[in-house]
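Structure file my_file-v2.txt (compact mmCIF, C-alpha atoms and all ligand atoms) is printed below.
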```txt
# COMPACT_ATOMS: atom_id res chain seq x y z
CA MET E 1 -97.27 -104.73 19.32
CA THR E 2 -99.85 -104.26 16.58
CA LEU E 3 -100.93 -107.46 14.83
CA ILE E 4 -102.19 -107.52 11.26
CA SER E 5 -105.40 -109.18 12.41
CA ASP E 6 -106.05 -106.33 14.89
CA LEU E 7 -105.80 -103.87 12.04
CA PHE E 8 -108.24 -105.83 9.95
CA TRP E 9 -110.77 -105.62 12.75
CA ALA E 10 -110.16 -101.94 13.37
CA TYR E 11 -110.00 -100.54 9.84
CA LEU E 12 -110.71 -101.29 6.23
CA VAL E 13 -107.17 -102.04 5.18
CA ALA E 14 -105.67 -103.41 2.04
CA ILE E 15 -102.53 -105.50 2.00
CA THR E 16 -100.02 -105.20 -0.78
CA LEU E 17 -97.71 -108.15 -1.09
CA LEU E 18 -97.46 -108.84 -4.76
CA THR E 19 -94.32 -106.87 -5.37
CA ILE E 20 -92.03 -106.50 -2.46
CA THR E 21 -90.85 -103.04 -3.38
CA PRO E 22 -87.34 -103.15 -4.76
CA GLY E 23 -84.78 -100.50 -3.97
CA VAL E 24 -86.40 -99.51 -0.73
CA ASP E 25 -84.14 -97.51 1.53
CA THR E 26 -86.74 -97.50 4.22
CA LEU E 27 -85.76 -99.32 7.27
CA LEU E 28 -82.18 -98.62 8.08
CA VAL E 29 -82.90 -94.98 7.39
CA MET E 30 -85.96 -95.15 9.60
CA ARG E 31 -83.91 -96.42 12.48
CA ASN E 32 -81.41 -93.60 12.25
CA THR E 33 -83.61 -90.69 11.33
CA GLY E 34 -87.10 -91.68 12.37
CA ARG E 35 -88.15 -91.65 8.74
CA GLY E 36 -87.74 -93.80 5.69
CA GLY E 37 -88.82 -93.67 2.11
CA LEU E 38 -90.55 -95.93 -0.36
CA ARG E 39 -88.81 -95.17 -3.60
CA ASP E 40 -90.44 -96.26 -6.82
CA GLY E 41 -92.83 -99.16 -6.80
CA CYS E 42 -96.10 -100.42 -8.15
CA VAL E 43 -98.37 -103.16 -6.79
CA THR E 44 -101.86 -104.44 -7.54
CA SER E 45 -104.29 -104.56 -4.67
CA VAL E 46 -107.90 -104.70 -3.68
CA GLY E 47 -109.30 -102.15 -1.28
CA ILE E 48 -108.40 -98.95 -3.06
CA CYS E 49 -111.23 -97.31 -1.14
CA SER E 50 -109.38 -97.85 2.11
CA GLY E 51 -107.17 -95.13 3.51
CA LEU E 52 -104.55 -97.46 4.87
CA PHE E 53 -102.30 -100.11 3.39
CA ILE E 54 -100.04 -102.72 4.84
CA HIS E 55 -97.11 -102.74 2.51
CA ALA E 56 -94.32 -105.30 2.45
CA THR E 57 -90.85 -103.86 1.90
CA LEU E 58 -87.48 -105.51 1.53
CA SER E 59 -84.23 -104.27 2.99
CA ALA E 60 -80.97 -105.77 4.15
CA LEU E 61 -82.78 -106.84 7.32
CA GLY E 62 -85.39 -108.81 5.41
CA ILE E 63 -89.07 -108.14 4.84
CA SER E 64 -90.81 -105.59 6.99
CA LEU E 65 -94.42 -104.45 6.99
CA LEU E 66 -95.30 -100.79 6.92
CA LEU E 67 -98.56 -98.98 7.40
CA VAL E 68 -98.95 -96.56 4.55
CA GLU E 69 -101.65 -93.93 4.45
CA THR E 70 -103.08 -93.08 1.07
CA ALA E 71 -103.10 -89.37 1.88
CA TRP E 72 -99.30 -89.25 2.01
CA GLU E 73 -97.41 -87.38 -0.66
CA GLY E 74 -95.98 -89.62 -3.39
CA PHE E 75 -98.73 -92.21 -3.04
CA GLU E 76 -101.11 -92.59 -5.96
CA LYS E 77 -103.92 -94.99 -6.83
CA GLY E 78 -104.39 -96.04 -10.42
CA GLN E 79 -107.76 -96.49 -12.05
CA ASN E 80 -110.05 -99.29 -10.97
CA LEU E 81 -108.96 -102.26 -13.08
CA ASN E 82 -111.44 -103.82 -15.49
CA LYS E 83 -111.69 -107.35 -14.13
CA VAL E 84 -113.47 -110.36 -15.64
CA GLY E 85 -115.48 -110.85 -12.45
CA MET E 86 -115.69 -109.44 -8.93
CA LYS E 87 -117.05 -106.25 -10.45
CA ALA E 88 -118.09 -104.75 -7.11
CA GLN E 89 -114.62 -105.17 -5.62
CA ASP E 90 -112.26 -102.26 -6.10
CA THR E 91 -108.88 -103.35 -7.47
CA SER E 92 -106.21 -101.01 -8.65
CA GLU E 93 -102.52 -100.50 -9.14
CA LEU E 94 -100.91 -98.48 -6.40
CA PHE E 95 -97.90 -96.30 -7.12
CA PHE E 96 -95.25 -95.17 -4.67
CA GLN E 97 -92.73 -92.48 -5.42
CA ASP E 98 -90.53 -91.15 -2.65
CA VAL E 99 -93.21 -91.71 -0.04
CA LYS E 100 -91.90 -90.63 3.36
CA VAL E 101 -92.79 -93.15 6.05
CA PRO E 102 -92.57 -92.22 9.76
CA ALA E 103 -90.71 -94.79 11.86
CA ASP E 104 -93.75 -95.51 14.02
CA LYS E 105 -95.50 -96.91 10.95
CA LEU E 106 -93.40 -100.06 11.14
CA LEU E 107 -95.73 -102.94 12.06
CA GLY E 108 -94.42 -104.82 15.05
CA SER E 109 -91.53 -104.05 17.34
CA MET E 110 -88.59 -104.99 15.10
CA GLU E 111 -87.50 -104.62 11.51
CA GLY E 112 -87.20 -107.70 9.32
CA GLN E 113 -90.10 -109.52 10.96
CA GLY E 114 -92.47 -109.22 8.00
CA PHE E 115 -91.98 -112.74 6.72
CA PHE E 116 -92.88 -114.22 10.11
CA GLN E 117 -95.80 -111.81 10.56
CA LEU E 118 -97.18 -112.81 7.17
CA MET E 119 -96.66 -116.51 7.79
CA ALA E 120 -98.61 -116.15 11.02
CA GLU E 121 -101.55 -114.42 9.35
CA LEU E 122 -101.78 -115.92 5.85
CA PRO E 123 -103.49 -119.17 6.99
CA ALA E 124 -106.41 -117.02 8.17
CA GLU E 125 -106.63 -115.35 4.76
CA ARG E 126 -106.60 -118.75 3.05
CA LEU E 127 -109.26 -120.02 5.43
CA GLN E 128 -111.41 -117.03 4.52
CA VAL E 129 -110.94 -117.78 0.80
CA GLY E 130 -111.84 -121.44 1.43
CA LEU E 131 -115.00 -120.50 3.33
CA THR E 132 -116.02 -118.17 0.52
CA ALA E 133 -115.37 -120.91 -2.03
CA VAL E 134 -117.55 -123.45 -0.25
CA ALA E 135 -120.34 -120.93 0.43
CA ALA E 136 -120.33 -119.91 -3.25
CA ALA E 137 -120.42 -123.56 -4.37
CA GLU E 138 -123.33 -124.27 -2.01
CA ALA E 139 -125.28 -121.28 -3.34
CA ALA E 140 -124.59 -122.24 -6.97
CA TRP E 141 -125.78 -125.78 -6.29
CA GLU E 142 -129.05 -124.49 -4.76
CA TRP E 143 -129.73 -122.09 -7.66
CA THR E 144 -129.05 -124.90 -10.10
CA LEU E 145 -131.36 -127.31 -8.31
CA ASP E 146 -134.18 -124.74 -8.52
CA TYR E 147 -133.44 -124.15 -12.17
CA VAL E 148 -133.29 -127.79 -13.29
CA LYS E 149 -136.56 -128.53 -11.49
CA GLU E 150 -138.29 -125.70 -13.30
CA ARG E 151 -136.72 -125.81 -16.78
CA LYS E 152 -138.24 -128.31 -19.20
CA ALA E 153 -136.49 -129.96 -22.16
CA PHE E 154 -137.99 -132.68 -24.34
CA GLY E 155 -141.20 -132.42 -22.34
CA LYS E 156 -139.74 -133.06 -18.90
CA PRO E 157 -137.87 -131.09 -16.25
CA VAL E 158 -134.09 -131.15 -16.71
CA ILE E 159 -133.76 -132.79 -13.26
CA ALA E 160 -135.52 -135.85 -14.72
CA PHE E 161 -132.47 -136.69 -16.85
CA GLN E 162 -130.15 -139.14 -15.17
CA ASN E 163 -127.11 -137.06 -16.16
CA THR E 164 -128.53 -134.08 -14.24
CA ARG E 165 -129.32 -136.10 -11.14
CA PHE E 166 -125.88 -137.73 -11.15
CA LYS E 167 -124.11 -134.39 -11.65
CA MET E 168 -126.11 -132.85 -8.82
CA ALA E 169 -125.39 -135.84 -6.58
CA GLU E 170 -121.65 -135.76 -7.34
CA MET E 171 -121.47 -132.04 -6.64
CA LYS E 172 -123.44 -132.43 -3.42
CA ALA E 173 -120.99 -135.05 -2.15
CA GLU E 174 -117.92 -132.98 -3.04
CA ILE E 175 -119.33 -129.78 -1.57
CA THR E 176 -120.33 -131.58 1.63
CA ALA E 177 -116.82 -133.02 2.01
CA ALA E 178 -115.30 -129.57 1.42
CA ARG E 179 -117.66 -128.04 3.99
CA VAL E 180 -116.52 -130.56 6.60
CA PHE E 181 -112.86 -129.77 5.83
CA CYS E 182 -113.61 -126.04 6.05
CA ASP E 183 -115.40 -126.37 9.37
CA ARG E 184 -112.49 -128.41 10.76
CA CYS E 185 -110.05 -125.70 9.65
CA LEU E 186 -112.28 -123.09 11.27
CA GLU E 187 -112.11 -125.04 14.53
CA LEU E 188 -108.31 -125.27 14.22
CA HIS E 189 -108.15 -121.53 13.55
CA LEU E 190 -110.20 -120.79 16.68
CA GLU E 191 -107.82 -123.02 18.65
CA LYS E 192 -104.88 -121.15 17.00
CA LYS E 193 -103.73 -124.46 15.49
CA LEU E 194 -104.38 -123.93 11.78
CA ASP E 195 -100.97 -124.55 10.22
CA ILE E 196 -99.63 -123.25 6.91
CA PRO E 197 -99.81 -126.50 4.85
CA THR E 198 -103.34 -127.32 6.04
CA ALA E 199 -104.57 -123.82 5.16
CA ALA E 200 -102.84 -124.11 1.77
CA MET E 201 -104.54 -127.48 1.13
CA LEU E 202 -107.88 -125.96 2.04
CA LYS E 203 -107.42 -122.95 -0.25
CA GLN E 204 -106.32 -125.07 -3.20
CA HIS E 205 -108.91 -127.79 -2.78
CA THR E 206 -111.95 -125.60 -2.15
CA THR E 207 -111.22 -123.06 -4.88
CA ASP E 208 -110.55 -125.78 -7.47
CA LEU E 209 -113.86 -127.32 -6.41
CA GLN E 210 -115.64 -123.95 -6.56
CA CYS E 211 -114.55 -123.48 -10.19
CA LYS E 212 -115.53 -127.04 -11.10
CA VAL E 213 -118.96 -126.63 -9.50
CA MET E 214 -119.55 -123.27 -11.19
CA ASP E 215 -118.69 -124.77 -14.56
CA GLU E 216 -121.07 -127.72 -14.08
CA CYS E 217 -123.82 -125.40 -12.84
CA VAL E 218 -123.47 -123.09 -15.85
CA GLN E 219 -123.69 -126.17 -18.07
CA LEU E 220 -126.90 -127.33 -16.38
CA HIS E 221 -128.40 -123.86 -16.94
CA GLY E 222 -127.79 -124.20 -20.68
CA GLY E 223 -127.67 -120.90 -22.62
CA TYR E 224 -129.19 -118.90 -19.76
CA GLY E 225 -126.19 -119.84 -17.68
CA TYR E 226 -124.06 -117.64 -19.91
CA MET E 227 -126.21 -114.54 -19.44
CA TRP E 228 -125.21 -111.85 -16.94
CA GLU E 229 -128.73 -111.52 -15.54
CA TYR E 230 -128.52 -115.04 -14.15
CA PRO E 231 -126.59 -115.16 -10.85
CA ILE E 232 -124.83 -118.35 -11.92
CA ALA E 233 -123.06 -116.48 -14.76
CA ARG E 234 -121.72 -113.89 -12.35
CA ALA E 235 -120.76 -116.51 -9.78
CA TRP E 236 -118.86 -118.38 -12.52
CA ALA E 237 -116.95 -115.24 -13.53
CA ASP E 238 -116.28 -114.30 -9.90
CA SER E 239 -114.96 -117.74 -9.03
CA ARG E 240 -112.01 -117.77 -11.40
CA VAL E 241 -109.79 -115.41 -9.46
CA GLN E 242 -110.10 -117.50 -6.31
CA ARG E 243 -107.46 -119.87 -7.76
CA ILE E 244 -105.15 -116.93 -8.46
CA TYR E 245 -105.15 -114.51 -5.54
CA ALA E 246 -104.15 -115.14 -1.93
CA GLY E 247 -101.31 -117.18 -3.48
CA THR E 248 -101.96 -119.16 -6.66
CA ASN E 249 -103.06 -122.75 -6.32
CA GLU E 250 -99.73 -123.86 -7.80
CA ILE E 251 -97.97 -122.07 -4.94
CA MET E 252 -100.38 -123.73 -2.48
CA LYS E 253 -99.31 -127.13 -3.84
CA GLU E 254 -95.65 -126.13 -3.45
CA ILE E 255 -96.30 -125.22 0.18
CA VAL E 256 -98.01 -128.54 0.83
CA ALA E 257 -95.32 -130.52 -1.01
CA ARG E 258 -92.57 -128.86 1.03
CA SER E 259 -94.23 -129.99 4.24
CA PHE E 260 -93.58 -133.70 3.69
C1 LIG X 301 -108.63 -109.38 -8.37
C2 LIG X 301 -107.25 -109.43 -7.75
C3 LIG X 301 -107.05 -108.90 -6.49
C4 LIG X 301 -105.79 -108.92 -5.91
N1 LIG X 301 -105.61 -108.38 -4.68
C5 LIG X 301 -104.39 -108.34 -4.11
C6 LIG X 301 -104.17 -107.73 -2.84
O1 LIG X 301 -105.08 -107.22 -2.23
N2 LIG X 301 -102.92 -107.72 -2.35
C7 LIG X 301 -101.88 -108.28 -3.01
O2 LIG X 301 -100.77 -108.25 -2.50
N3 LIG X 301 -102.05 -108.90 -4.20
C8 LIG X 301 -103.28 -108.92 -4.77
N4 LIG X 301 -103.46 -109.51 -6.00
C9 LIG X 301 -102.32 -110.12 -6.68
C10 LIG X 301 -102.36 -111.65 -6.59
O3 LIG X 301 -102.08 -112.09 -5.28
C11 LIG X 301 -101.36 -112.20 -7.62
O4 LIG X 301 -101.89 -111.95 -8.91
C12 LIG X 301 -101.09 -113.68 -7.43
O5 LIG X 301 -100.40 -113.93 -6.23
C13 LIG X 301 -100.27 -114.26 -8.59
O6 LIG X 301 -99.12 -113.51 -8.81
P1 LIG X 301 -98.79 -113.01 -10.28
O7 LIG X 301 -100.03 -112.35 -10.83
O8 LIG X 301 -97.55 -112.24 -10.22
O9 LIG X 301 -98.60 -114.34 -11.12
P2 LIG X 301 -97.23 -115.02 -11.47
O10 LIG X 301 -96.42 -115.19 -10.23
O11 LIG X 301 -96.62 -114.32 -12.63
O12 LIG X 301 -97.73 -116.46 -11.93
C14 LIG X 301 -98.02 -116.83 -13.27
C15 LIG X 301 -98.24 -118.33 -13.28
O13 LIG X 301 -97.02 -118.98 -12.91
C16 LIG X 301 -97.27 -119.85 -11.83
N5 LIG X 301 -96.12 -119.87 -10.94
C17 LIG X 301 -95.43 -118.82 -10.43
N6 LIG X 301 -94.48 -119.24 -9.61
C18 LIG X 301 -94.54 -120.59 -9.59
C19 LIG X 301 -93.82 -121.62 -8.92
N7 LIG X 301 -92.83 -121.35 -8.08
N8 LIG X 301 -94.19 -122.90 -9.13
C20 LIG X 301 -95.18 -123.21 -9.97
N9 LIG X 301 -95.91 -122.28 -10.63
C21 LIG X 301 -95.59 -120.99 -10.44
C22 LIG X 301 -98.47 -119.27 -11.11
O14 LIG X 301 -99.12 -120.24 -10.32
C23 LIG X 301 -99.31 -118.80 -12.29
O15 LIG X 301 -100.04 -119.87 -12.81
C24 LIG X 301 -104.70 -109.49 -6.60
C25 LIG X 301 -104.92 -110.06 -7.88
C26 LIG X 301 -106.17 -110.02 -8.44
C27 LIG X 301 -106.36 -110.61 -9.82
```
Represent the structure from my file as structure tokens, please.
Amino acid sequence: MTLISDLFWAYLVAITLLTITPGVDTLLVMRNTGRGGLRDGCVTSVGICSGLFIHATLSALGISLLLVETAWEGFEKGQNLNKVGMKAQDTSELFFQDVKVPADKLLGSMEGQGFFQLMAELPAERLQVGLTAVAAAEAAWEWTLDYVKERKAFGKPVIAFQNTRFKMAEMKAEITAARVFCDRCLELHLEKKLDIPTAAMLKQHTTDLQCKVMDECVQLHGGYGYMWEYPIARAWADSRVQRIYAGTNEIMKEIVARSF
């Protein structure tokens, strides 16, 4: 059986979950004829450069995951979307119209297993988002430390103001705590013990912190912090989507709240 994680290692794949395509006549047809079809649908996804998508479909048997190749007839990529940040990442709408899907493109051995397949793999995605969040916060903190040591205001370096030192100290403590949580989740992942609520807590906590740290760091850069040529401005813009994709942070809180 092919696992989603195997595919990620083997290929550059995108995963399209946002809209579970309605009106899909795929799977029952696939079983009988060896082929199914994705009727009309549209999703937003990163990875439009990849040639392969994992696409979630819904039928009477539940959610199933299909491997869809971009070269297939009826598949179309929209234009690269004009995002606020993450400018180097390709993100586009993907359109499906009567795409014929061979039966062997069903991921896994049975139809209707998509929900369980996703539940098994999504903690790893959320861990990856959490690790990115903490790494970005650490980098922003370092850039800001360099900046406030160098920049002078009222005849002294900005780091000399108590407010700056306290802000830097607060951020350092919060980032360090988040790093410890991240590393623990990484250990759990390696032991195959990272559960869904813990991964959701990690994603929500670290990405909220990332955005808070970016905002403070922009503030400590003053006006230069708002200029694209300063890495902190780009990191600030890039950070915002971390609370939205891979499941919004509100959904993460729902997941956690349902676990107790
Ligand atoms: C740059 C980028 C890349 C993306 N890449 C991918 C990708 O590769 N693959 C993919 O499948 N998707 C991708 N997405 C889509 C992304 O996962 C969704 O945008 C995200 O899950 C939120 O869904 P939505 O936009 O429909 O928001 P909505 O669901 O419309 O949410 C709107 C607001 O309502 C809140 N809300 C919704 N439901 C609830 C609830 N039950 N309880 C409380 N609050 C709720 C949300 O938290 C949010 O604040 C990408 C999005 C972006 C911006």
For atom CA of E:Pro157 and atom CA of E:Val213, determine how far apart the two atoms are, in Å to one decimal place.
20.6 Å
What's the 12 Å shell around E:Lys83, counting all atoms listed in the file, without same-chain residues fewer than 2 positions away, as a ChimeraX atom specification?
/E:46,79-81,85-92,237-238,240-241
Could you check which of E:Ala56, E:Leu209, E:Ala200, E:Leu65 is closest to E:Ala173, using only C-alpha atoms?
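Among E:Ala56, E:Leu209, E:Ala200, E:Leu65, it is E:Leu209 that comes nearest to E:Ala173.
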Might you pull out every residue within 10 Å of E:Trp141, with all atoms listed in the file counted and same-chain residues fewer than 5 positions away left off, and present them as a ChimeraX atom specification?
/E:135-136,146-147,168,171-172,175,213-214,216-217,232
Pull C-alpha atoms from the residues just selected and write them as a short mmCIF file (atom, residue, chain, number, x, y, z; two decimals), in the frame of the given file.
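File written: result_0.cif
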```cif
data_model
loop_
_atom_site.label_atom_id
_atom_site.label_comp_id
_atom_site.auth_asym_id
_atom_site.auth_seq_id
_atom_site.Cartn_x
_atom_site.Cartn_y
_atom_site.Cartn_z
CA ALA E 135 -120.34 -120.93 0.43
CA ALA E 136 -120.33 -119.91 -3.25
CA ASP E 146 -134.18 -124.74 -8.52
CA TYR E 147 -133.44 -124.15 -12.17
CA MET E 168 -126.11 -132.85 -8.82
CA MET E 171 -121.47 -132.04 -6.64
CA LYS E 172 -123.44 -132.43 -3.42
CA ILE E 175 -119.33 -129.78 -1.57
CA VAL E 213 -118.96 -126.63 -9.50
CA MET E 214 -119.55 -123.27 -11.19
CA GLU E 216 -121.07 -127.72 -14.08
CA CYS E 217 -123.82 -125.40 -12.84
CA ILE E 232 -124.83 -118.35 -11.92
#
```
Residues at most 8 Å from stretch 251-254 of chain E, counting all atoms listed in the file, excluding those fewer than 5 positions away in the same chain, as an MDAnalysis selection string?
chainID E and resid 197 200:201 203:204
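Rounded to one decimal, atom CA of E:Pro102 and atom C9 of ligand LIG 301 (chain X) lie 26.2 Å from each other.
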Would you be able to write out as a count of residues only which residues have an atom within 8 Å of (-89.0, -104.7, 8.8) in the file's coordinates, counting all atoms listed in the file?
17
Counting all atoms listed in the file, the residue of E:Arg234, E:His221, E:Arg126, E:His55 that sits nearest ligand LIG 301 (chain X)
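Among the listed residues, the smallest separation from ligand LIG 301 (chain X) belongs to E:His55.
Atom to atom, atom CA of E:Tyr230 and atom CA of E:Trp143 stand 9.7 Å apart.
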Let me have the centre and edge lengths of the axis-aligned box enclosing all listed atoms of stretch 137-155 of chain E with 5 Å padding on every side, in Å to one decimal, as AutoDock Vina command-line options.
```
--center_x -130.8 --center_y -127.0 --center_z -13.2 --size_x 30.8 --size_y 21.4 --size_z 32.3
```
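Considering all atoms listed in the file, the residue among E:Asp208, E:Glu250, E:Asp195, E:Glu174 positioned nearest to ligand LIG 301 (chain X) is E:Glu250.
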Of the candidates E:Ala71, E:Val84, E:Ala140, E:Val218, which one gets nearest to ligand LIG 301 (chain X) if we count all atoms listed in the file?
E:Val84
Counting only C-alpha atoms and all ligand atoms, which residue out of E:Leu94, E:Leu131, E:Val68, E:Val148 sits closest to ligand LIG 301 (chain X)?
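Among the listed residues, E:Leu94 lies closest to ligand LIG 301 (chain X).
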Around the point (-95.8, -92.3, -0.8) in the file's coordinates, collect all residues with an atom within 6 Å, using all atoms listed in the file, and return them as a PyMOL selection string.
chain E and resi 72-75+96-100
